[in-house]
Amino acid sequence: IEPQMSDNTHGVSFHFGPSYERTDDDGLNSIILHLFVFDRYQFGDEMGFRLEEQDFAPTSWSLSNGGPKLQRWTIALNDDDNTTSMSCERLSDLKADMPTFHPDKDGLFCRYMYSVCGIRETGFFPFNALCKYDLGAPDKAVEIWPPGAANAVRTNNYEDWDGGPGVYAEPLFVPRRQEGGSAHEVDIDEDDGFLLTTFHDAEAGTTTLEIFDAQKFSDGPIQQIPLGELMGWNVHSSFDPA
């Protein structure tokens, strides 16, 4: 799929972050979408897996599509003449995907969002890092874990970062239990909770459940629970509060 827009920004998306309706001071209604967008996408051999050949070539697949990057799409709805207009802003050049945020903010603005990301000198997949976005910050702030990946991005120097020993699965934001109801009913911080993900360490041959304090994301996991030997990478995750 090649994007048909002329602004060199629109593309192909599979996963959305906080998306919501907004009415500005002039009464103009808009739909705001935060989403991860590939520059282009070729169906088949997803993520570098070649099933018929039983081969795995993630780097060439990564380079073929440009990598998903966070964008904000604003669709303005003009009720006077039933027309729409659209603008697009790239919020980050990180190759990232599979966002998660406070579940009570689905369909509403949510300031904080988390995702996996690929920090590699060449290509981006498999995802080997995590990131936290501040969608309300004017400087489009992004925090990255682990520190080696963050330093490679900050300095644009990969001499001390070889991609790390393993990969991260889709993270999940789990809100801290609140007295008095949901986030709709009580005044809470939108990052007050925990980030859960599995880390698949190919070098050690192990799988670990990592739990982060979402408000102190850059401090690293507060708990690492061994799950045994190396498991196959799981694309998506779910959480049962029971």
# chains A, B, ... in the order shown; residues from 1 in each chain; ligands from 1
call {"tool": "residues_around", "arguments": {"residues": "region 44-50 of chain A", "least_positions_apart": "6", "cutoff": "9 Å", "atoms": "only C-alpha atoms", "output": "short mmCIF file (atom, residue, chain, number, x, y, z; two decimals) with N, CA and C atoms, in the first residue's frame"}}
result
data_model
loop_
_atom_site.label_atom_id
_atom_site.label_comp_id
_atom_site.auth_asym_id
_atom_site.auth_seq_id
_atom_site.Cartn_x
_atom_site.Cartn_y
_atom_site.Cartn_z
N PHE A 56 13.55 -15.98 8.83
CA PHE A 56 13.25 -14.75 9.56
C PHE A 56 14.24 -13.68 9.14
N ALA A 57 13.75 -12.63 8.47
CA ALA A 57 14.61 -11.57 7.96
C ALA A 57 14.04 -10.22 8.37
N PRO A 58 14.15 -9.86 9.66
CA PRO A 58 13.49 -8.64 10.14
C PRO A 58 14.10 -7.34 9.62
N THR A 59 15.41 -7.33 9.36
CA THR A 59 16.03 -6.07 8.96
C THR A 59 15.54 -5.61 7.60
N SER A 60 15.52 -6.50 6.63
CA SER A 60 15.07 -6.11 5.29
C SER A 60 13.60 -5.70 5.33
N TRP A 61 12.78 -6.40 6.13
CA TRP A 61 11.37 -6.02 6.26
C TRP A 61 11.27 -4.63 6.88
N SER A 62 12.07 -4.37 7.92
CA SER A 62 12.06 -3.06 8.57
C SER A 62 12.36 -1.94 7.58
N PHE A 125 13.07 -3.71 13.81
CA PHE A 125 12.40 -4.90 14.35
C PHE A 125 13.39 -6.04 14.53
N PRO A 126 13.23 -6.86 15.59
CA PRO A 126 12.18 -6.86 16.61
C PRO A 126 12.31 -5.69 17.59
#
call {"tool": "residues_around", "arguments": {"residues": "Glu210 (chain A)", "least_positions_apart": "2", "cutoff": "6 Å", "atoms": "only C-alpha atoms", "output": "VMD selection string"}}
result
chain A and resid 196 to 198 221 223 to 224
call {"tool": "write_last_selection", "arguments": {"atoms": "N, CA and C atoms", "output": "PDB file, in the first residue's frame"}}
result
ATOM      1  N   LEU A 196       3.040  -3.312  32.374  1.00  0.00           N
ATOM      2  CA  LEU A 196       3.401  -4.726  32.381  1.00  0.00           C
ATOM      3  C   LEU A 196       3.831  -5.155  30.984  1.00  0.00           C
ATOM      4  N   THR A 197       4.908  -5.922  30.906  1.00  0.00           N
ATOM      5  CA  THR A 197       5.354  -6.452  29.627  1.00  0.00           C
ATOM      6  C   THR A 197       6.229  -7.676  29.874  1.00  0.00           C
ATOM      7  N   THR A 198       6.404  -8.494  28.856  1.00  0.00           N
ATOM      8  CA  THR A 198       7.346  -9.609  28.967  1.00  0.00           C
ATOM      9  C   THR A 198       8.595  -9.297  28.163  1.00  0.00           C
ATOM     10  N   PRO A 221      12.200  -1.318  35.731  1.00  0.00           N
ATOM     11  CA  PRO A 221      11.200  -2.176  36.372  1.00  0.00           C
ATOM     12  C   PRO A 221      11.364  -2.236  37.888  1.00  0.00           C
ATOM     13  N   GLN A 223       9.754  -4.655  39.482  1.00  0.00           N
ATOM     14  CA  GLN A 223       9.645  -6.079  39.747  1.00  0.00           C
ATOM     15  C   GLN A 223       9.937  -6.853  38.469  1.00  0.00           C
ATOM     16  N   GLN A 224      10.726  -7.914  38.591  1.00  0.00           N
ATOM     17  CA  GLN A 224      11.041  -8.795  37.462  1.00  0.00           C
ATOM     18  C   GLN A 224      10.733 -10.222  37.906  1.00  0.00           C
TER      19      GLN A 224
END
call {"tool": "residues_around", "arguments": {"residues": "Gly118 (chain A)", "least_positions_apart": "6", "cutoff": "8 Å", "atoms": "only C-alpha atoms", "output": "list in words"}}
result
Leu94, Lys95, Ala96, Phe124, Phe125, Pro126, Phe127, Asn128 and Ala129 of chain A
call {"tool": "select_by_dssp", "arguments": {"residues": "region 23-225 of chain A", "states": "strand (DSSP E or B)", "output": "compact mmCIF listing (two decimals) with N, CA, C and O atoms, in the first residue's frame"}}
result
# COMPACT_ATOMS: atom_id res chain seq x y z
N THR A 23 -14.06 20.18 20.65
CA THR A 23 -14.72 21.38 20.17
C THR A 23 -13.90 22.58 20.60
O THR A 23 -13.65 22.77 21.81
N ASN A 29 -15.84 21.52 15.45
CA ASN A 29 -15.68 20.16 15.96
C ASN A 29 -14.59 19.43 15.18
O ASN A 29 -14.50 19.55 13.95
N SER A 30 -13.77 18.68 15.90
CA SER A 30 -12.69 17.93 15.28
C SER A 30 -12.60 16.55 15.91
O SER A 30 -13.02 16.33 17.05
N ILE A 31 -12.03 15.63 15.16
CA ILE A 31 -11.67 14.31 15.66
C ILE A 31 -10.15 14.26 15.69
O ILE A 31 -9.49 14.52 14.68
N ILE A 32 -9.59 13.93 16.84
CA ILE A 32 -8.15 13.87 17.02
C ILE A 32 -7.73 12.41 17.13
O ILE A 32 -8.27 11.67 17.96
N LEU A 33 -6.79 12.00 16.31
CA LEU A 33 -6.30 10.63 16.32
C LEU A 33 -4.80 10.63 16.61
O LEU A 33 -4.05 11.40 15.99
N HIS A 34 -4.37 9.79 17.54
CA HIS A 34 -2.94 9.53 17.73
C HIS A 34 -2.70 8.10 17.26
O HIS A 34 -3.32 7.16 17.78
N LEU A 35 -1.81 7.93 16.30
CA LEU A 35 -1.63 6.63 15.68
C LEU A 35 -0.21 6.46 15.17
O LEU A 35 0.51 7.44 14.98
N PHE A 36 0.19 5.21 15.01
CA PHE A 36 1.52 4.89 14.50
C PHE A 36 1.40 4.54 13.02
O PHE A 36 0.61 3.66 12.64
N VAL A 37 2.18 5.24 12.19
CA VAL A 37 1.97 5.20 10.75
C VAL A 37 3.23 4.73 10.03
O VAL A 37 4.32 5.29 10.22
N PHE A 38 3.06 3.69 9.20
CA PHE A 38 4.12 3.24 8.30
C PHE A 38 4.15 4.16 7.08
O PHE A 38 3.10 4.59 6.60
N PHE A 49 8.84 -12.54 8.91
CA PHE A 49 8.64 -13.99 8.98
C PHE A 49 8.24 -14.52 7.60
O PHE A 49 7.21 -14.13 7.05
N ARG A 50 9.05 -15.39 7.07
CA ARG A 50 8.76 -16.03 5.78
C ARG A 50 8.36 -17.47 6.06
O ARG A 50 9.21 -18.35 6.25
N ASP A 55 11.94 -18.86 7.39
CA ASP A 55 13.07 -17.94 7.51
C ASP A 55 12.61 -16.69 8.24
O ASP A 55 11.43 -16.36 8.26
N PHE A 56 13.55 -15.98 8.83
CA PHE A 56 13.25 -14.75 9.56
C PHE A 56 14.24 -13.68 9.14
O PHE A 56 15.45 -13.82 9.38
N LYS A 69 5.69 5.38 12.91
CA LYS A 69 6.07 6.54 13.73
C LYS A 69 4.81 7.26 14.20
O LYS A 69 3.81 7.32 13.49
N LEU A 70 4.88 7.83 15.40
CA LEU A 70 3.71 8.45 16.01
C LEU A 70 3.33 9.74 15.29
O LEU A 70 4.17 10.61 15.07
N GLN A 71 2.05 9.84 14.95
CA GLN A 71 1.51 11.04 14.33
C GLN A 71 0.22 11.45 15.03
O GLN A 71 -0.43 10.64 15.70
N ARG A 72 -0.13 12.72 14.86
CA ARG A 72 -1.43 13.24 15.31
C ARG A 72 -2.21 13.71 14.09
O ARG A 72 -1.74 14.59 13.37
N TRP A 73 -3.34 13.09 13.84
CA TRP A 73 -4.21 13.50 12.74
C TRP A 73 -5.38 14.28 13.31
O TRP A 73 -6.04 13.84 14.27
N THR A 74 -5.67 15.43 12.73
CA THR A 74 -6.80 16.26 13.14
C THR A 74 -7.77 16.36 11.97
O THR A 74 -7.43 16.89 10.91
N ILE A 75 -8.97 15.84 12.17
CA ILE A 75 -10.01 15.87 11.14
C ILE A 75 -11.04 16.90 11.58
O ILE A 75 -11.78 16.69 12.54
N ALA A 76 -11.08 18.04 10.89
CA ALA A 76 -12.01 19.12 11.23
C ALA A 76 -13.34 18.90 10.51
O ALA A 76 -13.37 18.64 9.30
N LEU A 77 -14.43 19.01 11.27
CA LEU A 77 -15.76 18.79 10.73
C LEU A 77 -16.49 20.12 10.67
O LEU A 77 -16.78 20.74 11.69
N ASN A 78 -16.79 20.58 9.46
CA ASN A 78 -17.49 21.85 9.26
C ASN A 78 -18.98 21.57 9.09
O ASN A 78 -19.41 21.09 8.05
N THR A 83 -18.46 19.76 5.16
CA THR A 83 -17.15 19.43 4.60
C THR A 83 -16.19 19.07 5.73
O THR A 83 -16.43 19.36 6.90
N THR A 84 -15.11 18.42 5.34
CA THR A 84 -14.07 18.07 6.30
C THR A 84 -12.72 18.50 5.76
O THR A 84 -12.52 18.62 4.56
N SER A 85 -11.79 18.75 6.67
CA SER A 85 -10.41 19.00 6.30
C SER A 85 -9.53 18.21 7.26
O SER A 85 -9.95 17.87 8.36
N MET A 86 -8.31 17.95 6.84
CA MET A 86 -7.44 17.09 7.64
C MET A 86 -6.03 17.64 7.68
O MET A 86 -5.50 18.11 6.66
N SER A 87 -5.43 17.61 8.86
CA SER A 87 -4.03 17.98 9.00
C SER A 87 -3.32 16.89 9.76
O SER A 87 -3.92 16.11 10.49
N CYS A 88 -2.01 16.82 9.59
CA CYS A 88 -1.23 15.73 10.15
C CYS A 88 0.08 16.28 10.70
O CYS A 88 0.71 17.13 10.08
N GLU A 89 0.46 15.78 11.88
CA GLU A 89 1.70 16.22 12.51
C GLU A 89 2.46 15.00 13.01
O GLU A 89 1.90 14.17 13.73
N ARG A 90 3.71 14.88 12.63
CA ARG A 90 4.54 13.80 13.16
C ARG A 90 5.07 14.22 14.52
O ARG A 90 5.70 15.26 14.66
N LYS A 95 10.77 4.59 15.76
CA LYS A 95 9.98 3.51 15.18
C LYS A 95 9.33 2.75 16.34
O LYS A 95 10.02 2.09 17.12
N ALA A 96 8.02 2.86 16.46
CA ALA A 96 7.33 2.32 17.63
C ALA A 96 5.92 1.90 17.23
O ALA A 96 5.41 2.26 16.17
N ASP A 97 5.29 1.12 18.12
CA ASP A 97 3.94 0.63 17.81
C ASP A 97 3.32 0.02 19.06
O ASP A 97 3.92 -0.03 20.11
N MET A 98 2.10 -0.48 18.91
CA MET A 98 1.34 -1.16 19.96
C MET A 98 1.20 -0.30 21.21
O MET A 98 1.72 -0.62 22.28
N PRO A 99 0.47 0.83 21.09
CA PRO A 99 0.34 1.76 22.21
C PRO A 99 -0.60 1.24 23.30
O PRO A 99 -1.49 0.42 23.06
N THR A 100 -0.41 1.75 24.51
CA THR A 100 -1.28 1.46 25.64
C THR A 100 -1.40 2.72 26.49
O THR A 100 -0.45 3.50 26.58
N TYR A 112 -0.67 10.65 28.74
CA TYR A 112 0.46 9.73 28.70
C TYR A 112 0.12 8.46 27.93
O TYR A 112 -0.98 7.91 28.05
N MET A 113 1.08 8.00 27.17
CA MET A 113 0.91 6.79 26.35
C MET A 113 2.24 6.04 26.32
O MET A 113 3.31 6.65 26.37
N TYR A 114 2.16 4.73 26.24
CA TYR A 114 3.35 3.87 26.25
C TYR A 114 3.32 2.96 25.03
O TYR A 114 2.25 2.66 24.49
N SER A 115 4.49 2.48 24.63
CA SER A 115 4.54 1.56 23.49
C SER A 115 5.88 0.82 23.47
O SER A 115 6.81 1.18 24.20
N VAL A 116 5.96 -0.19 22.62
CA VAL A 116 7.26 -0.77 22.30
C VAL A 116 7.92 0.10 21.23
O VAL A 116 7.25 0.85 20.52
N CYS A 117 9.22 0.02 21.13
CA CYS A 117 9.92 0.72 20.07
C CYS A 117 11.16 -0.07 19.68
O CYS A 117 11.64 -0.91 20.43
N GLY A 118 11.65 0.19 18.49
CA GLY A 118 12.83 -0.48 17.98
C GLY A 118 13.99 0.50 17.87
O GLY A 118 13.95 1.42 17.05
N ALA A 129 12.89 -2.15 22.94
CA ALA A 129 12.84 -1.09 23.95
C ALA A 129 11.39 -0.69 24.20
O ALA A 129 10.48 -1.11 23.48
N LEU A 130 11.21 0.13 25.21
CA LEU A 130 9.89 0.67 25.56
C LEU A 130 9.99 2.18 25.61
O LEU A 130 11.06 2.75 25.83
N CYS A 131 8.86 2.86 25.40
CA CYS A 131 8.89 4.31 25.50
C CYS A 131 7.60 4.85 26.12
O CYS A 131 6.55 4.21 26.06
N LYS A 132 7.72 6.02 26.72
CA LYS A 132 6.60 6.73 27.32
C LYS A 132 6.50 8.10 26.65
O LYS A 132 7.46 8.86 26.62
N TYR A 133 5.32 8.40 26.11
CA TYR A 133 5.08 9.68 25.43
C TYR A 133 4.27 10.61 26.34
O TYR A 133 3.34 10.17 27.02
N ASP A 134 4.62 11.88 26.32
CA ASP A 134 3.82 12.91 26.96
C ASP A 134 3.14 13.70 25.84
O ASP A 134 3.75 14.58 25.24
N VAL A 142 9.65 12.31 25.11
CA VAL A 142 9.61 10.85 25.05
C VAL A 142 10.68 10.31 25.99
O VAL A 142 11.83 10.75 25.96
N GLU A 143 10.29 9.37 26.85
CA GLU A 143 11.25 8.65 27.69
C GLU A 143 11.44 7.25 27.11
O GLU A 143 10.48 6.66 26.59
N ILE A 144 12.67 6.72 27.19
CA ILE A 144 12.99 5.43 26.58
C ILE A 144 13.66 4.54 27.63
O ILE A 144 14.49 4.98 28.41
N TRP A 145 13.27 3.26 27.63
CA TRP A 145 13.93 2.25 28.45
C TRP A 145 14.32 1.11 27.53
O TRP A 145 13.54 0.73 26.66
N GLY A 166 17.58 -9.01 23.95
CA GLY A 166 16.26 -9.61 23.72
C GLY A 166 15.24 -8.62 23.20
O GLY A 166 15.59 -7.53 22.73
N VAL A 167 13.97 -9.01 23.29
CA VAL A 167 12.89 -8.20 22.73
C VAL A 167 11.76 -8.06 23.75
O VAL A 167 11.59 -8.90 24.64
N TYR A 168 10.97 -6.99 23.59
CA TYR A 168 9.82 -6.73 24.45
C TYR A 168 8.53 -7.07 23.71
O TYR A 168 8.41 -6.83 22.50
N LEU A 172 1.25 -3.29 28.59
CA LEU A 172 -0.11 -2.96 29.01
C LEU A 172 -0.06 -2.01 30.19
O LEU A 172 0.66 -2.27 31.16
N PHE A 173 -0.82 -0.93 30.11
CA PHE A 173 -0.95 -0.02 31.24
C PHE A 173 -2.10 -0.51 32.13
O PHE A 173 -3.22 -0.69 31.65
N VAL A 174 -1.80 -0.71 33.41
CA VAL A 174 -2.80 -1.16 34.38
C VAL A 174 -2.92 -0.07 35.44
O VAL A 174 -1.96 0.19 36.17
N PRO A 175 -4.08 0.61 35.55
CA PRO A 175 -4.19 1.70 36.51
C PRO A 175 -4.13 1.21 37.95
O PRO A 175 -4.55 0.09 38.26
N GLY A 193 -0.21 4.25 37.69
CA GLY A 193 -0.47 2.83 37.51
C GLY A 193 0.82 2.10 37.20
O GLY A 193 1.92 2.57 37.53
N PHE A 194 0.67 0.99 36.54
CA PHE A 194 1.81 0.11 36.27
C PHE A 194 1.83 -0.27 34.80
O PHE A 194 0.80 -0.36 34.14
N LEU A 195 3.04 -0.49 34.30
CA LEU A 195 3.23 -0.96 32.94
C LEU A 195 3.76 -2.39 33.01
O LEU A 195 4.77 -2.66 33.66
N LEU A 196 3.04 -3.31 32.37
CA LEU A 196 3.40 -4.73 32.38
C LEU A 196 3.83 -5.15 30.98
O LEU A 196 3.18 -4.80 29.99
N THR A 197 4.91 -5.92 30.91
CA THR A 197 5.35 -6.45 29.63
C THR A 197 6.23 -7.68 29.87
O THR A 197 6.73 -7.87 30.98
N THR A 198 6.40 -8.49 28.86
CA THR A 198 7.35 -9.61 28.97
C THR A 198 8.59 -9.30 28.16
O THR A 198 8.52 -8.72 27.07
N PHE A 199 9.73 -9.67 28.76
CA PHE A 199 11.01 -9.49 28.08
C PHE A 199 11.55 -10.86 27.73
O PHE A 199 11.71 -11.72 28.60
N HIS A 200 11.83 -11.06 26.45
CA HIS A 200 12.31 -12.35 25.94
C HIS A 200 13.81 -12.22 25.67
O HIS A 200 14.22 -11.61 24.69
N ASP A 201 14.61 -12.80 26.56
CA ASP A 201 16.06 -12.65 26.53
C ASP A 201 16.67 -13.83 25.76
O ASP A 201 16.77 -14.94 26.28
N THR A 206 15.75 -16.94 28.57
CA THR A 206 14.71 -16.81 29.59
C THR A 206 13.64 -15.82 29.16
O THR A 206 13.84 -15.01 28.26
N THR A 207 12.50 -15.90 29.85
CA THR A 207 11.42 -14.94 29.67
C THR A 207 11.07 -14.38 31.04
O THR A 207 10.96 -15.12 32.02
N THR A 208 10.88 -13.06 31.10
CA THR A 208 10.63 -12.40 32.38
C THR A 208 9.46 -11.43 32.25
O THR A 208 9.35 -10.70 31.26
N LEU A 209 8.57 -11.46 33.23
CA LEU A 209 7.52 -10.44 33.33
C LEU A 209 8.10 -9.24 34.04
O LEU A 209 8.56 -9.35 35.18
N GLU A 210 8.11 -8.09 33.37
CA GLU A 210 8.65 -6.87 33.97
C GLU A 210 7.51 -5.92 34.29
O GLU A 210 6.61 -5.70 33.48
N ILE A 211 7.57 -5.34 35.49
CA ILE A 211 6.54 -4.41 35.95
C ILE A 211 7.19 -3.08 36.28
O ILE A 211 8.15 -3.01 37.06
N PHE A 212 6.69 -2.02 35.66
CA PHE A 212 7.21 -0.67 35.87
C PHE A 212 6.19 0.16 36.65
O PHE A 212 4.98 0.00 36.45
N ASP A 213 6.68 1.04 37.51
CA ASP A 213 5.84 2.11 38.03
C ASP A 213 5.73 3.14 36.90
O ASP A 213 6.73 3.77 36.53
N PRO A 221 12.20 -1.32 35.73
CA PRO A 221 11.20 -2.18 36.37
C PRO A 221 11.36 -2.24 37.89
O PRO A 221 12.48 -2.31 38.40
N ILE A 222 10.22 -2.20 38.57
CA ILE A 222 10.23 -2.34 40.03
C ILE A 222 10.11 -3.81 40.43
O ILE A 222 10.35 -4.15 41.59
N GLN A 223 9.75 -4.66 39.48
CA GLN A 223 9.64 -6.08 39.75
C GLN A 223 9.94 -6.85 38.47
O GLN A 223 9.48 -6.48 37.39
N GLN A 224 10.73 -7.91 38.59
CA GLN A 224 11.04 -8.80 37.46
C GLN A 224 10.73 -10.22 37.91
O GLN A 224 11.39 -10.76 38.80
N ILE A 225 9.73 -10.83 37.28
CA ILE A 225 9.24 -12.14 37.69
C ILE A 225 9.65 -13.17 36.64
O ILE A 225 9.18 -13.11 35.50
call {"tool": "atom_distance", "arguments": {"atom1": "CA of Arg40 (chain A)", "atom2": "CA of Phe14 (chain A)"}}
result
12.0 Å
call {"tool": "residues_around", "arguments": {"residues": "Glu190 (chain A)", "least_positions_apart": "4", "cutoff": "7 Å", "atoms": "only C-alpha atoms", "output": "list in words"}}
result
His102, Cys110, Arg111 and Tyr112 of chain A
call {"tool": "decode", "arguments": {"residues": "region 44-54 of chain A", "atoms": "all heavy atoms", "output": "compact mmCIF listing (two decimals), in the first residue's frame"}}
result
# COMPACT_ATOMS: atom_id res chain seq x y z
N GLY A 44 2.28 -9.51 3.38
CA GLY A 44 3.05 -10.73 3.18
C GLY A 44 4.39 -10.62 3.87
O GLY A 44 5.01 -9.54 3.93
N ASP A 45 4.86 -11.73 4.44
CA ASP A 45 6.14 -11.74 5.17
C ASP A 45 6.15 -10.73 6.30
O ASP A 45 7.15 -10.06 6.55
CB ASP A 45 7.32 -11.47 4.22
CG ASP A 45 7.43 -12.52 3.14
OD1 ASP A 45 6.95 -13.64 3.34
OD2 ASP A 45 8.01 -12.19 2.08
N GLU A 46 5.00 -10.63 7.01
CA GLU A 46 4.90 -9.66 8.09
C GLU A 46 6.01 -9.84 9.12
O GLU A 46 6.33 -10.95 9.53
CB GLU A 46 3.53 -9.78 8.78
CG GLU A 46 2.46 -8.87 8.19
CD GLU A 46 2.07 -9.24 6.78
OE1 GLU A 46 2.19 -10.43 6.42
OE2 GLU A 46 1.65 -8.35 6.03
N MET A 47 6.59 -8.70 9.50
CA MET A 47 7.64 -8.62 10.52
C MET A 47 8.86 -9.46 10.15
O MET A 47 9.67 -9.82 11.00
CB MET A 47 7.10 -9.03 11.89
CG MET A 47 6.03 -8.08 12.40
SD MET A 47 5.21 -8.60 13.93
CE MET A 47 4.15 -9.91 13.30
N GLY A 48 8.99 -9.79 8.87
CA GLY A 48 10.16 -10.53 8.41
C GLY A 48 10.03 -12.04 8.48
O GLY A 48 10.98 -12.76 8.16
N PHE A 49 8.84 -12.54 8.91
CA PHE A 49 8.64 -13.99 8.98
C PHE A 49 8.24 -14.52 7.60
O PHE A 49 7.21 -14.13 7.05
CB PHE A 49 7.55 -14.33 10.00
CG PHE A 49 7.94 -14.06 11.42
CD1 PHE A 49 7.46 -12.93 12.09
CD2 PHE A 49 8.80 -14.91 12.10
CE1 PHE A 49 7.82 -12.68 13.40
CE2 PHE A 49 9.16 -14.66 13.41
CZ PHE A 49 8.67 -13.54 14.06
N ARG A 50 9.05 -15.39 7.07
CA ARG A 50 8.76 -16.03 5.78
C ARG A 50 8.36 -17.47 6.06
O ARG A 50 9.21 -18.35 6.25
CB ARG A 50 9.99 -15.96 4.87
CG ARG A 50 10.39 -14.52 4.54
CD ARG A 50 11.74 -14.44 3.83
NE ARG A 50 12.09 -13.08 3.48
CZ ARG A 50 13.29 -12.71 3.04
NH1 ARG A 50 14.26 -13.61 2.92
NH2 ARG A 50 13.53 -11.45 2.73
N LEU A 51 7.05 -17.70 6.13
CA LEU A 51 6.54 -18.97 6.62
C LEU A 51 6.91 -20.13 5.71
O LEU A 51 7.30 -21.20 6.18
CB LEU A 51 5.02 -18.89 6.79
CG LEU A 51 4.53 -17.87 7.83
CD1 LEU A 51 3.02 -17.92 7.94
CD2 LEU A 51 5.18 -18.14 9.18
N GLU A 52 6.78 -19.93 4.40
CA GLU A 52 7.04 -21.03 3.49
C GLU A 52 8.50 -21.46 3.55
O GLU A 52 8.82 -22.66 3.51
CB GLU A 52 6.66 -20.65 2.06
CG GLU A 52 5.16 -20.46 1.86
CD GLU A 52 4.81 -20.20 0.42
OE1 GLU A 52 5.74 -20.14 -0.43
OE2 GLU A 52 3.61 -20.02 0.12
N GLU A 53 9.40 -20.50 3.67
CA GLU A 53 10.82 -20.83 3.74
C GLU A 53 11.28 -21.09 5.17
O GLU A 53 12.43 -21.50 5.39
CB GLU A 53 11.66 -19.68 3.16
CG GLU A 53 11.44 -19.42 1.68
CD GLU A 53 10.29 -18.46 1.44
OE1 GLU A 53 9.58 -18.11 2.43
OE2 GLU A 53 10.07 -18.06 0.29
N GLN A 54 10.37 -20.84 6.16
CA GLN A 54 10.76 -20.94 7.58
C GLN A 54 12.01 -20.11 7.84
O GLN A 54 12.98 -20.56 8.47
CB GLN A 54 10.96 -22.40 7.98
CG GLN A 54 9.67 -23.20 8.10
CD GLN A 54 8.80 -22.69 9.24
OE1 GLN A 54 9.13 -22.82 10.40
NE2 GLN A 54 7.66 -22.09 8.89
